[in-house]
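Data first, discussion second: the structure below is written as structure tokens.
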2 protein chains.
Amino acid sequence: MTIIGFDADDTLWVNETYFREAESRFYDLMAGYGTQKQLADDLHKVIMQNLSLYGYGIKSLMLSMTETALGFMKDRPSARIMEAILSIGKEMLNKPVILLDGIQDALAGLRDKGYTMILATKGDLLDQERKLHKSGMGDFFHHIEIMSEKNEDSYLKLLSRLHIRADEFVMVGNSLRSDILPVVNIGGFAIHIPSQSTWVHEMIDPKLINGSYRTIRHAAEIPAVLEAHHHPKNHV
Amino acid sequence: MTIIGFDADDTLWVNETYFREAESRFYDLMAGYGTQKQLADDLHKVIMQNLSLYGYGIKSLMLSMTETALGFMKDRPSARIMEAILSIGKEMLNKPVILLDGIQDALAGLRDKGYTMILATKGDLLDQERKLHKSGMGDFFHHIEIMSEKNEDSYLKLLSRLHIRADEFVMVGNSLRSDILPVVNIGGFAIHIPSQSTWVHEMIDPKLINGSYRTIRHAAEIPAVLEAHHHPKNHV
């Protein structure tokens with residue numbers, strides 16, 4: 001029995017694009033205080049410094065943008081900029097959920113074939129629940145897990161809790177670092193669907209992945225990959 | 001088979017005290033801009049306005065404090081105050097976890113009696129995981145559920161997912177609004193342990209609760225209450 005895990009952000013729906021837009025608006029706002037490179041380097045540094053404390057998500061970005069802006073503005077912070085940072089974040093939280101091309105059909109097809117699907121995503125609890133609700137995609141999933149980190153340990157705990165063996169588990173996602181590497185390392189299979197826009201933090205050298213995964217361009221290819229994975233001899 | 005659900009903040013460990021301290025520091029910081037009542041009223045208003053967007057937790061408080069401070073400081077925000085708000089939040093996230101008196105013994109006693117216990121808490125995902133880890137209390141719980149809201153619907157979903165009947169479920173917590181009322185309304189039993197400090201948002205008129213719950217002063221009383229609940233005739 002194969003259980004398919006799906007990542008959410010940039011696997012089911014557009015996410016990274018919104019983060020890129022927000023950062024771009026931040027650079028425009030702060031253009032008087034530094035070059036885009038200086039601003040981007042500092043923001044990235046602050047985000048990384050705060051990651052273990054704040055975790056992932058939009059509120060964390062808002063706080064790190066605020067901290068970065070204060071660092072550049074020194075003794076004379078601009079009220080307009082500080083308020084604009086809060087607005088950028090609130091607008092992100094209210095963005096529509098745009099499903100990626102073909103994902104709904106792909107999930108419906110997998111459901112019709114009898115696969116059990118679970119959702120395993122990082123990010124902010126309330127924000128991910130809101131996106132699931134807005135998208136109407138929640139019904140496809142037998143279980144929804146919002147994780148503070150996606151590593152071998154957290155996948156092992158998830159599978160153990162749901163009584164799923166690693167060799168029954170297939171994870172589908174856009175991040176080599178979070179969706180593919182840890183799953184392959186614990187003995188699962190993974191399907192990588194690269195997205196147009198991937199956060200640099202999620203990028204790793206594919207050579208680090210010492211196990212079995214497949215890269216596809218479109219969710220519609222998932223059934224064929226699963227078929228080949230289950231019956232490799234038919235596909236030699 | 002009775003399954004006992006425990007709230008975390010202010011049921012297992014000190015939480016509200018840290019929020020009160022943070023607010024108090026905020027009022028001190030902002031003392032030049034308004035009376036404490038003005039500051040408190042505005043902060044409360046902003047927190048409530050943002051609750052459906054931000055959810056519960058420390059990052060949400062940091063963002064609402066920032067927004068409130070900007071509202072008072074108008075065109076000339078103070079860099080010192082803006083930075084201090086971020087520091088207050090980061091210090092809160094790094095606070096030690098202080099278990100409430102006797103809770104560890106009470107949980108160990110319930111475990112020894114063979115009860116299955118689950119944790120059901122609101123708040124920020126990463127922050128609650130950190131507190132569970134720091135406190136070492138995670139091992140007592142068969143399941144840990146971090147919820148964006150505690151209402152009848154979310155309890156029903158939780159119980160359904162864990163295959164627990166409502167009449168087998170006993171919820172223990174400090175909040176009448178989140179831990180007692182919704183559980184009693186769906187047919188469960190609840191044990192209220194009031195805490196020294198309860199957020200006004202969690203307060204409701206006890207008369208609203210139209211069902212069975214018990215109020216106790218100390219977690220050590222839980223076994224006796226469960227005994228009386230299971231065998232009411234012995235205690236008439």
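Letters for chains follow the order of the structure tokens (A, B, ...), residue numbers begin at 1 for each chain, and ligand numbers begin at 1 in the order shown.
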Report as a PyMOL selection string the set of chain B residues whose atoms approach chain A to within 10 Å, with distances computed over only C-alpha atoms.
chain B and resi 50+52-56+58-60+62-64+66-67+70-71+73-80+82-83+86+90+93-94+122-127+129-130+142-143+146-149+161
Serialized selection, C-alpha atoms, as a CSV table (one decimal), in the first residue's frame:
chain,number,residue,atom,x,y,z
B,50,ASN,CA,-5.2,41.0,14.0
B,52,SER,CA,-7.9,36.1,12.8
B,53,LEU,CA,-5.0,37.1,10.5
B,54,TYR,CA,-2.1,36.4,12.9
B,55,GLY,CA,-3.4,33.8,15.2
B,56,TYR,CA,-2.0,33.3,18.8
B,58,ILE,CA,4.5,35.6,20.6
B,59,LYS,CA,5.3,36.7,17.0
B,60,SER,CA,1.7,37.9,16.7
B,62,MET,CA,5.4,41.4,18.6
B,63,LEU,CA,3.7,42.5,15.4
B,64,SER,CA,0.7,44.0,17.2
B,66,THR,CA,4.9,47.3,16.7
B,67,GLU,CA,1.6,48.4,15.1
B,70,LEU,CA,3.6,53.2,15.4
B,71,GLY,CA,0.1,54.4,15.9
B,73,MET,CA,4.4,57.7,17.7
B,74,LYS,CA,2.9,59.0,14.5
B,75,ASP,CA,5.5,60.6,12.2
B,76,ARG,CA,8.5,60.2,14.5
B,77,PRO,CA,8.9,56.6,15.6
B,78,SER,CA,11.6,56.0,18.1
B,79,ALA,CA,14.3,53.6,16.9
B,80,ARG,CA,15.0,52.6,20.5
B,82,MET,CA,11.0,49.7,17.9
B,83,GLU,CA,14.1,47.7,18.6
B,86,LEU,CA,11.7,43.1,19.0
B,90,LYS,CA,12.9,37.5,21.3
B,93,LEU,CA,10.7,33.1,22.9
B,94,ASN,CA,13.9,32.3,24.9
B,122,LYS,CA,-3.2,26.7,20.8
B,123,GLY,CA,-0.3,28.9,20.0
B,124,ASP,CA,2.6,29.0,17.6
B,125,LEU,CA,3.8,25.7,16.3
B,126,LEU,CA,7.5,26.2,16.7
B,127,ASP,CA,7.2,27.9,20.1
B,129,GLU,CA,7.4,22.4,20.2
B,130,ARG,CA,10.2,24.3,21.8
B,142,HIS,CA,0.4,9.8,23.2
B,143,HIS,CA,-0.5,12.6,20.7
B,146,ILE,CA,-1.3,22.2,18.1
B,147,MET,CA,-4.5,23.9,17.1
B,148,SER,CA,-5.1,27.3,15.5
B,149,GLU,CA,-8.4,27.6,17.5
B,161,ARG,CA,-9.0,11.6,13.8
Both chains have the same sequence, so superpose chain B on chain A over all Cα atoms paired in order and return it as a compact mmCIF listing (two decimals) with C-alpha atoms, in the first residue's frame.
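Below is the file that was written, result37.txt:
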# COMPACT_ATOMS: atom_id res chain seq x y z
CA MET B 1 -0.03 0.03 -0.04
CA THR B 2 1.55 3.27 -1.15
CA ILE B 3 0.93 6.43 0.83
CA ILE B 4 1.72 9.63 -1.04
CA GLY B 5 2.86 12.67 0.91
CA PHE B 6 2.50 16.07 -0.70
CA ASP B 7 4.30 19.25 0.14
CA ALA B 8 2.02 22.32 -0.03
CA ASP B 9 3.86 25.57 -0.80
CA ASP B 10 5.01 25.61 -4.43
CA THR B 11 3.88 22.01 -4.87
CA LEU B 12 0.12 22.55 -4.59
CA TRP B 13 -0.01 26.32 -4.82
CA VAL B 14 1.99 29.45 -5.53
CA ASN B 15 3.96 30.63 -2.51
CA GLU B 16 7.54 31.60 -3.22
CA THR B 17 6.37 34.13 -5.82
CA TYR B 18 4.56 36.02 -3.05
CA PHE B 19 7.71 36.04 -0.91
CA ARG B 20 9.74 37.33 -3.88
CA GLU B 21 7.14 40.05 -4.49
CA ALA B 22 7.22 41.05 -0.83
CA GLU B 23 11.00 41.24 -0.85
CA SER B 24 10.92 43.27 -4.02
CA ARG B 25 8.51 45.74 -2.42
CA PHE B 26 10.81 45.90 0.60
CA TYR B 27 13.81 46.77 -1.59
CA ASP B 28 11.79 49.51 -3.31
CA LEU B 29 10.70 50.95 0.03
CA MET B 30 14.25 50.95 1.34
CA ALA B 31 15.91 52.11 -1.88
CA GLY B 32 17.21 55.29 -0.21
CA TYR B 33 19.15 53.31 2.39
CA GLY B 34 21.25 50.89 0.37
CA THR B 35 21.70 49.07 -2.91
CA GLN B 36 19.40 46.17 -3.61
CA LYS B 37 22.30 43.80 -3.02
CA GLN B 38 23.07 45.34 0.38
CA LEU B 39 19.40 45.20 1.36
CA ALA B 40 19.00 41.62 0.12
CA ASP B 41 22.17 40.42 1.83
CA ASP B 42 21.16 41.97 5.13
CA LEU B 43 17.59 40.73 4.96
CA HIS B 44 18.79 37.22 4.18
CA LYS B 45 21.27 37.36 7.06
CA VAL B 46 18.58 38.52 9.51
CA ILE B 47 16.09 35.87 8.30
CA MET B 48 18.68 33.14 8.78
CA GLN B 49 19.69 34.45 12.21
CA ASN B 50 16.05 34.39 13.30
CA LEU B 51 15.05 31.11 11.65
CA SER B 52 15.58 28.86 14.67
CA LEU B 53 13.72 31.35 16.88
CA TYR B 54 10.88 32.40 14.57
CA GLY B 55 10.47 29.43 12.25
CA TYR B 56 9.05 29.71 8.74
CA GLY B 57 6.23 31.87 7.48
CA ILE B 58 4.99 35.34 6.79
CA LYS B 59 4.98 36.69 10.36
CA SER B 60 8.64 35.69 10.64
CA LEU B 61 9.39 37.57 7.41
CA MET B 62 7.56 40.66 8.69
CA LEU B 63 9.62 40.66 11.89
CA SER B 64 12.88 40.12 10.01
CA MET B 65 12.05 42.89 7.54
CA THR B 66 11.32 45.21 10.47
CA GLU B 67 14.63 44.33 12.08
CA THR B 68 16.54 44.77 8.82
CA ALA B 69 14.89 48.13 8.12
CA LEU B 70 15.72 49.39 11.62
CA GLY B 71 19.33 48.37 11.06
CA PHE B 72 19.55 50.51 7.92
CA MET B 73 17.57 53.49 9.22
CA LYS B 74 19.59 53.79 12.43
CA ASP B 75 18.37 56.62 14.69
CA ARG B 76 15.70 57.96 12.38
CA PRO B 77 13.30 55.23 11.33
CA SER B 78 10.66 56.19 8.80
CA ALA B 79 7.08 55.74 10.04
CA ARG B 80 5.94 55.24 6.45
CA ILE B 81 8.38 52.38 5.89
CA MET B 82 7.66 50.68 9.21
CA GLU B 83 3.94 50.78 8.48
CA ALA B 84 4.46 49.64 4.90
CA ILE B 85 6.31 46.54 6.13
CA LEU B 86 3.30 45.58 8.26
CA SER B 87 1.02 46.18 5.27
CA ILE B 88 3.15 44.02 2.98
CA GLY B 89 2.84 41.15 5.45
CA LYS B 90 -0.89 41.57 5.98
CA GLU B 91 -1.45 41.64 2.23
CA MET B 92 0.57 38.43 1.88
CA LEU B 93 -1.60 36.76 4.51
CA ASN B 94 -4.67 37.78 2.53
CA LYS B 95 -3.41 36.72 -0.90
CA PRO B 96 -5.58 34.39 -2.94
CA VAL B 97 -4.45 30.80 -3.14
CA ILE B 98 -3.47 30.01 -6.72
CA LEU B 99 -3.25 26.29 -7.41
CA LEU B 100 -0.41 25.15 -9.63
CA ASP B 101 -1.36 24.06 -13.10
CA GLY B 102 -2.93 20.60 -13.20
CA ILE B 103 -2.45 19.76 -9.52
CA GLN B 104 -6.15 19.40 -8.78
CA ASP B 105 -6.66 16.94 -11.66
CA ALA B 106 -3.56 15.03 -10.63
CA LEU B 107 -4.78 14.65 -7.04
CA ALA B 108 -8.27 13.67 -8.19
CA GLY B 109 -6.73 11.03 -10.47
CA LEU B 110 -4.61 9.61 -7.65
CA ARG B 111 -7.63 9.54 -5.34
CA ASP B 112 -9.62 7.69 -8.00
CA LYS B 113 -6.83 5.13 -8.27
CA GLY B 114 -7.26 4.52 -4.53
CA TYR B 115 -4.08 6.10 -3.24
CA THR B 116 -4.08 7.48 0.29
CA MET B 117 -2.60 10.97 0.35
CA ILE B 118 -1.30 13.05 3.23
CA LEU B 119 -0.13 16.65 3.31
CA ALA B 120 3.20 17.41 4.99
CA THR B 121 4.18 21.06 4.98
CA LYS B 122 6.27 23.57 6.86
CA GLY B 123 5.10 27.08 7.59
CA ASP B 124 2.82 28.90 9.95
CA LEU B 125 -0.04 26.82 11.38
CA LEU B 126 -2.85 29.33 10.90
CA ASP B 127 -1.61 30.46 7.49
CA GLN B 128 -1.38 26.92 6.13
CA GLU B 129 -4.84 26.10 7.49
CA ARG B 130 -6.18 29.22 5.80
CA LYS B 131 -4.63 28.24 2.48
CA LEU B 132 -6.04 24.71 2.73
CA HIS B 133 -9.45 26.13 3.47
CA LYS B 134 -9.33 28.74 0.70
CA SER B 135 -8.07 26.22 -1.84
CA GLY B 136 -10.60 23.52 -1.01
CA MET B 137 -7.75 20.99 -1.28
CA GLY B 138 -8.06 19.71 2.29
CA ASP B 139 -10.53 16.99 1.30
CA PHE B 140 -7.95 15.14 -0.77
CA PHE B 141 -5.88 14.38 2.30
CA HIS B 142 -6.32 11.65 4.85
CA HIS B 143 -4.01 13.51 7.22
CA ILE B 144 -2.54 17.01 7.33
CA GLU B 145 0.73 17.60 9.11
CA ILE B 146 2.17 21.06 9.61
CA MET B 147 5.79 20.65 10.61
CA SER B 148 8.21 23.13 12.12
CA GLU B 149 11.04 21.46 10.19
CA LYS B 150 11.25 18.73 7.58
CA ASN B 151 14.18 16.50 8.39
CA GLU B 152 14.74 12.76 8.72
CA ASP B 153 13.66 12.77 12.33
CA SER B 154 10.41 14.62 11.73
CA TYR B 155 9.50 12.37 8.78
CA LEU B 156 10.27 9.26 10.85
CA LYS B 157 8.02 10.52 13.65
CA LEU B 158 5.23 11.34 11.21
CA LEU B 159 5.37 7.91 9.53
CA SER B 160 5.54 6.13 12.87
CA ARG B 161 2.52 8.01 14.19
CA LEU B 162 0.51 7.15 11.07
CA HIS B 163 1.75 3.52 11.04
CA ILE B 164 3.33 3.93 7.59
CA ARG B 165 6.49 2.03 6.69
CA ALA B 166 9.15 4.14 4.96
CA ASP B 167 9.21 1.81 1.95
CA GLU B 168 5.47 2.42 1.48
CA PHE B 169 5.94 6.19 1.47
CA VAL B 170 6.39 8.43 -1.55
CA MET B 171 6.92 12.15 -0.98
CA VAL B 172 6.12 14.68 -3.71
CA GLY B 173 7.52 18.19 -3.47
CA ASN B 174 9.51 21.02 -4.97
CA SER B 175 12.32 21.20 -2.40
CA LEU B 176 15.27 18.84 -2.68
CA ARG B 177 16.30 19.84 0.83
CA SER B 178 12.95 19.36 2.59
CA ASP B 179 10.91 16.98 0.46
CA ILE B 180 13.41 14.71 -1.26
CA LEU B 181 16.69 14.29 0.67
CA PRO B 182 15.30 13.38 4.12
CA VAL B 183 12.67 11.00 2.69
CA VAL B 184 15.19 9.20 0.50
CA ASN B 185 17.58 8.98 3.45
CA ILE B 186 15.04 7.15 5.60
CA GLY B 187 14.24 4.65 2.84
CA GLY B 188 11.27 6.28 1.16
CA PHE B 189 10.86 7.19 -2.49
CA ALA B 190 10.48 10.78 -3.63
CA ILE B 191 9.20 12.66 -6.65
CA HIS B 192 10.70 16.07 -7.27
CA ILE B 193 8.63 18.64 -9.16
CA PRO B 194 10.87 21.71 -9.42
CA SER B 195 8.98 24.98 -9.14
CA GLN B 196 9.64 28.16 -11.06
CA SER B 197 10.78 29.88 -7.92
CA THR B 198 12.61 28.17 -5.08
CA TRP B 199 13.98 29.82 -1.95
CA VAL B 200 17.77 29.62 -1.85
CA HIS B 201 17.50 28.05 1.64
CA GLU B 202 15.74 25.06 0.10
CA MET B 203 18.41 24.45 -2.53
CA ILE B 204 21.01 21.74 -2.19
CA ASP B 205 23.39 20.03 -4.54
CA PRO B 206 21.46 17.06 -6.02
CA LYS B 207 24.66 15.03 -5.71
CA LEU B 208 24.08 14.98 -1.95
CA ILE B 209 21.06 12.76 -2.48
CA ASN B 210 22.20 9.19 -2.24
CA GLY B 211 19.04 7.32 -3.04
CA SER B 212 16.13 6.94 -5.34
CA TYR B 213 14.01 9.80 -6.56
CA ARG B 214 12.56 10.98 -9.83
CA THR B 215 12.29 14.51 -11.18
CA ILE B 216 9.25 15.36 -13.27
CA ARG B 217 7.95 18.55 -14.82
CA HIS B 218 4.27 18.19 -14.09
CA ALA B 219 2.04 16.57 -11.46
CA ALA B 220 0.21 14.73 -14.24
CA GLU B 221 3.27 12.50 -14.55
CA ILE B 222 2.96 11.19 -10.97
CA PRO B 223 0.86 8.08 -11.77
CA ALA B 224 3.35 6.90 -14.41
CA VAL B 225 6.26 7.39 -12.01
CA LEU B 226 4.45 5.44 -9.29
CA GLU B 227 3.70 2.67 -11.77
CA ALA B 228 7.36 2.48 -12.78
CA HIS B 229 8.41 2.54 -9.12
CA HIS B 230 6.10 -0.37 -8.25
CA HIS B 231 6.78 -2.43 -11.32
CA PRO B 232 10.29 -1.49 -12.39
CA LYS B 233 10.65 -4.52 -14.67
CA ASN B 234 7.94 -3.29 -16.99
CA HIS B 235 9.93 -0.15 -17.56
CA VAL B 236 13.48 -1.36 -17.99
Tell me, which residues of region 145-228 of chain A carry DSSP strand (DSSP E), written as a ChimeraX atom specification?
/A:145-146,169-173,189-192,213-215
Mind writing the picked residues with C-alpha atoms as a PDB file, in the first residue's frame?
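Writing the result to part_11.pdb gives the following:
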ATOM      1  CA  GLU A 145       0.709  17.597   9.126  1.00  0.00           C
ATOM      2  CA  ILE A 146       2.152  21.068   9.608  1.00  0.00           C
ATOM      3  CA  PHE A 169       5.935   6.182   1.485  1.00  0.00           C
ATOM      4  CA  VAL A 170       6.379   8.426  -1.540  1.00  0.00           C
ATOM      5  CA  MET A 171       6.906  12.155  -0.970  1.00  0.00           C
ATOM      6  CA  VAL A 172       6.104  14.682  -3.700  1.00  0.00           C
ATOM      7  CA  GLY A 173       7.519  18.189  -3.469  1.00  0.00           C
ATOM      8  CA  PHE A 189      10.859   7.192  -2.462  1.00  0.00           C
ATOM      9  CA  ALA A 190      10.472  10.796  -3.627  1.00  0.00           C
ATOM     10  CA  ILE A 191       9.186  12.659  -6.647  1.00  0.00           C
ATOM     11  CA  HIS A 192      10.677  16.063  -7.285  1.00  0.00           C
ATOM     12  CA  TYR A 213      14.016   9.789  -6.552  1.00  0.00           C
ATOM     13  CA  ARG A 214      12.548  10.988  -9.829  1.00  0.00           C
ATOM     14  CA  THR A 215      12.279  14.494 -11.181  1.00  0.00           C
TER      15      THR A 215
END
Step one, run DSSP on the backbone; step two, keep only residues of region 103-209 of chain B assigned to alpha helix (DSSP H); then write them as an MDAnalysis selection string.
chainID B and resid 103:112 125:135 152:161 181:185
